[in-house]
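*Asks:* A single structure is presented below for examination.
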Amino acid sequence: MSRRNKRVIFEDIEIIDAGAKGKAVAKAPDGRIIFVNNAVPGDVATIQTYKKRKAYYEGTAIAFSKYSERRVNPVCEHFGTCGGCKWQFMAYDQQLFYKQKEVENNLVRIGGIELPEITPILGSEKTLFYRNKMEFSFSDNKWLTKEQIESGEEIPNRNALGFHIPGMWDKILDIDTCHLQRDPSNAIRNFVKKKSEELGLSFFNTRKQEGFLRTLMLRTSSAGDIMVLVQFFAEDEENRIELLNAIKEEFPEITSLLYVINSKGNDTIYDQEVICYSGQDHIFEEMEGLKFKINAKSFYQTNSEQAYELYKITRDFANLQGNELVYDLYTGTGTIAQFVAKKASHVVGVESVPEAIIAAKENAIRNGIENTTFVVGDMKNVFNDEFVQTYGKPDVVITDPPRDGMHQDVVMQLLKLAPNRIVYVSCNSATQARDLKLMDEDYKVVRIQPVDMFPQTYHVENVVLLEKRN
């Protein structure tokens with residue numbers, strides 16, 4: 001062990017595990033845990049720490065004396081600099097192993113409840129090019145890699161179209177090829193950048209809040225549709241039309257070409273007017289003959305193929321016989337509600353985003369589904385006794401909350417309703433485990449199925465079936 005610039009260096013430390021948020025885990029000679037941001041279990045490395053706390057360090061591996069057998073060569077040239085795909089240097093079967101382990105650890109450690117055997121995680125058939133939505137940012141001051149800086153070469157063109165560097169809100173990494181979204185995603189992004197430079201259009205500067213081009217969003221669907229949305233910081237009709245026409249002519253297969261003029265301090269579009277320049281203002285997703293209309297603001301699972309697997313598991317766990325009243329909490333655009341509707345007597349979906357409920361109702365009409373009702377409201381406020389009096393006491397509840405899990409008031413209302421079965425779909429097994437603990441006195445966990453929706457990352461979904469105790 002040595003010290004340099006008040007940072008501790010530990011030599012020949014074995015990486016023993018993968019922990020929360022994708023960080024590797026090692027043990028320092030003094031007994032503290034070390035969270036390492038660039039290593040794989042099985043590596044033996046020299047680790048330089050950059051943060052010290054009472055119980056742990058955070059650090060970076062600066063040299064390796066042994067590489068793990070779990071390592072693979074990352075396919076992406078941007079790996080290690082880009083903030084995504086943090087596990088691309090780990091073999092996929094090992095990614096699944098550690099995701100399953102995280103689910104098990106959270107349910108045991110945080111939940112502290114009796115559990116059945118956990119079914120092996122369902123891996124994704126596609127481990128690359130699986131995302132249906134990508135968002136890229138323009139910048140006139142791109143992030144320079146270590147190699148570019150050390151080369152000493154002057155880089156006059158600092159324009160970038162790519163991803164934010166983790167933890168640096170104003171730094172954008174210019175992306176050449178991204179392995180997350182299928183063609184023509186890379187071709188469209190690279191064309192937009194090249195054409196913008198040919199036209200002399202200014203790229204956005206976040207610090208100064210100036211520039212013309214702000215963001216680019218690309219959505220694709222399993223039905224073959226393509227949506228492109230260009231966000232401009234201010235209106236410049238002549239240049240806007242010239243760029244959009246160029247995109248339209250180069251990629252006639254685009255289904256929906258949209259734009260937004262957004263001059264506010266952040267680049268979220270949910271409070272902005274989305275204008276359709278060419279084609280439709282939406283695309284369609286398809287699943288088991290159901291069609292779901294997706295607009296620029298719609299939430300839809302970003303891995304279409306795995307979403308289908310996730311919904312099939314949810315429907316299987318619900319075990320509907322055709323005569324049940326089902327509540328679908330946090331319904332979003334009503335995809336799960338409509339997916340299970342043909343097996344139920346009636347499904348009531350609840351969601352806080354008004355636009356999502358409008359889309360859910362439209363989709364139900366389009367799909368000829370007449371046994372669904374969709375309600376707008378903040379779950380902790382709307383999901384009360386009056387709600388139950390209005391829509392009836394459910395036999396089965398499906399809940400798919402955000403990462404924070406269910407509000408405690410929602411959990412208490414669920415316990416009060418006492419449905420026969422609850423299917424809990426979660427993107428965060430830690431908050432899921434917390435909620436399961438609150439329900440343990442009244443409900444028993446009988447089935448658990450982790451699902452990998454996001455290969456090359458540490459994220460994992462988990463589906464749990466709870467049945468009422470006698």
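Identifiers in the structure tokens: chain A, B, ... in order shown; residue index from 1 per chain; ligand index from 1 in order shown.
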Excluding same-chain residues fewer than 4 positions from A:Pro450, what lies within 9 Å of it counting only C-alpha atoms, as a list of chain:residue names?

*Replies:*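 Near neighbours after the sequence-gap exclusion: A:Lys99, A:Gln100, A:Val103, A:Ile118, A:Thr119, A:Pro120, A:Ile121, A:Leu122, A:Gly123, A:Val460, A:Glu461, A:Asn462, A:Val463, A:Val464.
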
*Asks:* Would you give me, as JSON, numbers by chain, the residues in stretch 388-417 of chain A that DSSP reads as helix (DSSP H, G or I)?

*Replies:* {"A": [388, 389, 390, 391, 408, 409, 410, 411, 412, 413, 414, 415, 416, 417]}

*Asks:* Now that the selection is made, can you save its residues with N, CA and C atoms as a short mmCIF file (atom, residue, chain, number, x, y, z; two decimals), in the first residue's frame?

*Replies:*
data_model
loop_
_atom_site.label_atom_id
_atom_site.label_comp_id
_atom_site.auth_asym_id
_atom_site.auth_seq_id
_atom_site.Cartn_x
_atom_site.Cartn_y
_atom_site.Cartn_z
N VAL A 388 -62.25 2.24 -4.66
CA VAL A 388 -62.71 0.85 -4.62
C VAL A 388 -64.23 0.78 -4.69
N GLN A 389 -64.91 1.71 -4.03
CA GLN A 389 -66.37 1.74 -4.10
C GLN A 389 -66.84 1.99 -5.52
N THR A 390 -66.07 2.80 -6.25
CA THR A 390 -66.44 3.15 -7.64
C THR A 390 -66.20 1.99 -8.59
N TYR A 391 -65.03 1.34 -8.47
CA TYR A 391 -64.62 0.36 -9.49
C TYR A 391 -64.71 -1.10 -9.03
N GLN A 408 -46.01 3.99 0.76
CA GLN A 408 -46.51 3.18 1.88
C GLN A 408 -48.03 3.21 1.96
N ASP A 409 -48.65 4.34 1.59
CA ASP A 409 -50.13 4.41 1.60
C ASP A 409 -50.73 3.44 0.60
N VAL A 410 -50.05 3.24 -0.54
CA VAL A 410 -50.53 2.29 -1.55
C VAL A 410 -50.43 0.88 -1.00
N VAL A 411 -49.33 0.56 -0.35
CA VAL A 411 -49.16 -0.77 0.25
C VAL A 411 -50.26 -1.02 1.29
N MET A 412 -50.52 -0.03 2.13
CA MET A 412 -51.55 -0.20 3.17
C MET A 412 -52.93 -0.41 2.55
N GLN A 413 -53.21 0.29 1.47
CA GLN A 413 -54.51 0.12 0.80
C GLN A 413 -54.60 -1.26 0.16
N LEU A 414 -53.50 -1.75 -0.38
CA LEU A 414 -53.48 -3.11 -0.93
C LEU A 414 -53.81 -4.14 0.15
N LEU A 415 -53.19 -3.97 1.30
CA LEU A 415 -53.44 -4.90 2.40
C LEU A 415 -54.90 -4.82 2.86
N LYS A 416 -55.45 -3.62 2.82
CA LYS A 416 -56.84 -3.44 3.21
C LYS A 416 -57.79 -4.12 2.21
N LEU A 417 -57.45 -4.04 0.92
CA LEU A 417 -58.28 -4.66 -0.12
C LEU A 417 -58.21 -6.18 -0.07
#

*Asks:* So that I can check the surroundings of A:Glu104, please list as a list in words every protein, DNA and RNA residue that reaches within 10 Å of it, counting only C-alpha atoms and ignoring chain neighbours fewer than 6 positions away.

*Replies:* Tyr98, Ile110, Gly111, Leu115, Glu117, Ile118, Ser429, Ala430, Ala433, Ile448 and Pro450 of chain A

*Asks:* Atom CA of A:Asn262 and atom CA of A:Lys293, how far apart in Å?

*Replies:* 24.3 Å

*Asks:* Compile the contact shell of A:Thr457 as an MDAnalysis selection string: residues with an atom at most 8 Å away, counting only C-alpha atoms, same-chain residues fewer than 4 positions apart removed.

*Replies:* chainID A and resid 22 84:88

*Asks:* At a cut-off of 12 Å, using only C-alpha atoms, what residues contact stretch 249-251 of chain A? Leave out same-chain residues fewer than 2 positions from it and give the result as a ChimeraX atom specification.

*Replies:* /A:183-185,187-192,195,226-228,241-247,253-257,278

*Asks:* Among stretch 217-420 of chain A, which residues does DSSP mark as strand (DSSP E or B) when it is run on the backbone? Keep the chain and numbering as in the structure and answer as a PyMOL selection string.

*Replies:* chain A and resi 217-220+226-232+256-261+275-279+282-287+290-295+325-329+346-351+372-376+396-399

*Asks:* Produce a file of the selected residues containing C-alpha atoms, as a PDB file, in the first residue's frame.

*Replies:*
ATOM      1  CA  MET A 217     -34.272  11.193 -30.342  1.00  0.00           C
ATOM      2  CA  LEU A 218     -34.662   7.983 -32.352  1.00  0.00           C
ATOM      3  CA  ARG A 219     -37.397   5.410 -31.754  1.00  0.00           C
ATOM      4  CA  THR A 220     -37.845   2.141 -33.625  1.00  0.00           C
ATOM      5  CA  ILE A 226     -39.009   4.692 -37.235  1.00  0.00           C
ATOM      6  CA  MET A 227     -39.469   7.969 -35.366  1.00  0.00           C
ATOM      7  CA  VAL A 228     -36.946  10.827 -35.501  1.00  0.00           C
ATOM      8  CA  LEU A 229     -37.285  13.931 -33.330  1.00  0.00           C
ATOM      9  CA  VAL A 230     -34.902  16.895 -33.590  1.00  0.00           C
ATOM     10  CA  GLN A 231     -34.968  19.389 -30.725  1.00  0.00           C
ATOM     11  CA  PHE A 232     -33.908  22.952 -31.552  1.00  0.00           C
ATOM     12  CA  SER A 256     -42.559   9.948 -38.121  1.00  0.00           C
ATOM     13  CA  LEU A 257     -40.328  13.036 -38.458  1.00  0.00           C
ATOM     14  CA  LEU A 258     -40.883  15.498 -35.613  1.00  0.00           C
ATOM     15  CA  TYR A 259     -39.329  18.585 -34.104  1.00  0.00           C
ATOM     16  CA  VAL A 260     -39.499  20.673 -30.931  1.00  0.00           C
ATOM     17  CA  ILE A 261     -38.478  24.294 -30.305  1.00  0.00           C
ATOM     18  CA  ILE A 275     -44.667  19.288 -34.098  1.00  0.00           C
ATOM     19  CA  CYS A 276     -45.017  16.708 -36.858  1.00  0.00           C
ATOM     20  CA  TYR A 277     -42.963  17.758 -39.879  1.00  0.00           C
ATOM     21  CA  SER A 278     -43.486  14.684 -42.046  1.00  0.00           C
ATOM     22  CA  GLY A 279     -45.410  11.430 -41.856  1.00  0.00           C
ATOM     23  CA  HIS A 282     -46.643   8.413 -33.876  1.00  0.00           C
ATOM     24  CA  ILE A 283     -45.377   4.896 -34.518  1.00  0.00           C
ATOM     25  CA  PHE A 284     -46.865   1.528 -33.581  1.00  0.00           C
ATOM     26  CA  GLU A 285     -45.678  -1.364 -31.458  1.00  0.00           C
ATOM     27  CA  GLU A 286     -47.279  -4.777 -31.904  1.00  0.00           C
ATOM     28  CA  MET A 287     -47.623  -7.636 -29.452  1.00  0.00           C
ATOM     29  CA  LEU A 290     -52.361  -5.847 -30.175  1.00  0.00           C
ATOM     30  CA  LYS A 291     -51.219  -2.497 -31.553  1.00  0.00           C
ATOM     31  CA  PHE A 292     -49.912   0.244 -29.271  1.00  0.00           C
ATOM     32  CA  LYS A 293     -49.636   3.812 -30.517  1.00  0.00           C
ATOM     33  CA  ILE A 294     -46.358   5.388 -29.399  1.00  0.00           C
ATOM     34  CA  ASN A 295     -45.872   9.146 -29.619  1.00  0.00           C
ATOM     35  CA  LEU A 325     -61.639  -7.987 -11.677  1.00  0.00           C
ATOM     36  CA  VAL A 326     -58.019  -6.883 -12.069  1.00  0.00           C
ATOM     37  CA  TYR A 327     -56.368  -3.655 -10.964  1.00  0.00           C
ATOM     38  CA  ASP A 328     -53.271  -2.633 -12.955  1.00  0.00           C
ATOM     39  CA  LEU A 329     -51.462  -0.048 -10.820  1.00  0.00           C
ATOM     40  CA  HIS A 346     -62.499  -6.362 -16.354  1.00  0.00           C
ATOM     41  CA  VAL A 347     -59.206  -4.497 -15.880  1.00  0.00           C
ATOM     42  CA  VAL A 348     -58.867  -1.083 -14.212  1.00  0.00           C
ATOM     43  CA  GLY A 349     -55.607   0.735 -14.971  1.00  0.00           C
ATOM     44  CA  VAL A 350     -54.356   3.662 -12.881  1.00  0.00           C
ATOM     45  CA  GLU A 351     -51.603   6.112 -13.889  1.00  0.00           C
ATOM     46  CA  THR A 372     -60.792  -1.956 -19.574  1.00  0.00           C
ATOM     47  CA  THR A 373     -61.149   1.295 -17.644  1.00  0.00           C
ATOM     48  CA  PHE A 374     -58.290   3.780 -17.300  1.00  0.00           C
ATOM     49  CA  VAL A 375     -58.076   6.337 -14.513  1.00  0.00           C
ATOM     50  CA  VAL A 376     -55.746   9.350 -14.064  1.00  0.00           C
ATOM     51  CA  VAL A 396     -56.025  -9.742  -8.617  1.00  0.00           C
ATOM     52  CA  VAL A 397     -53.727  -6.715  -8.505  1.00  0.00           C
ATOM     53  CA  ILE A 398     -50.809  -6.168 -10.873  1.00  0.00           C
ATOM     54  CA  THR A 399     -48.414  -3.422  -9.791  1.00  0.00           C
TER      55      THR A 399
END

*Asks:* Report as a PyMOL selection string all protein, DNA and RNA residues lying within 8 Å of A:Asp170, evaluated on only C-alpha atoms, omitting residues in the same chain fewer than 4 positions from it.

*Replies:* chain A and resi 164+205-207

*Asks:* Quick one: residues within 8 Å of stretch 438-444 of chain A, only C-alpha atoms, excluding same-chain residues fewer than 4 positions away - as a VMD selection string?

*Replies:* chain A and resid 113 to 114 411 415 434 466 to 469

*Asks:* Go through A:Asn420, A:Asn367, A:Gln306, A:Gln95 and flag the residue nearest A:Ala318, using only C-alpha atoms for the distances.

*Replies:*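 Going through A:Asn420, A:Asn367, A:Gln306, A:Gln95 one by one, the smallest distance to A:Ala318 is for A:Asn420.
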
*Asks:* So what do you get for atom CA of A:Arg71 versus atom CA of A:Cys178, distance-wise?

*Replies:* 20.5 Å
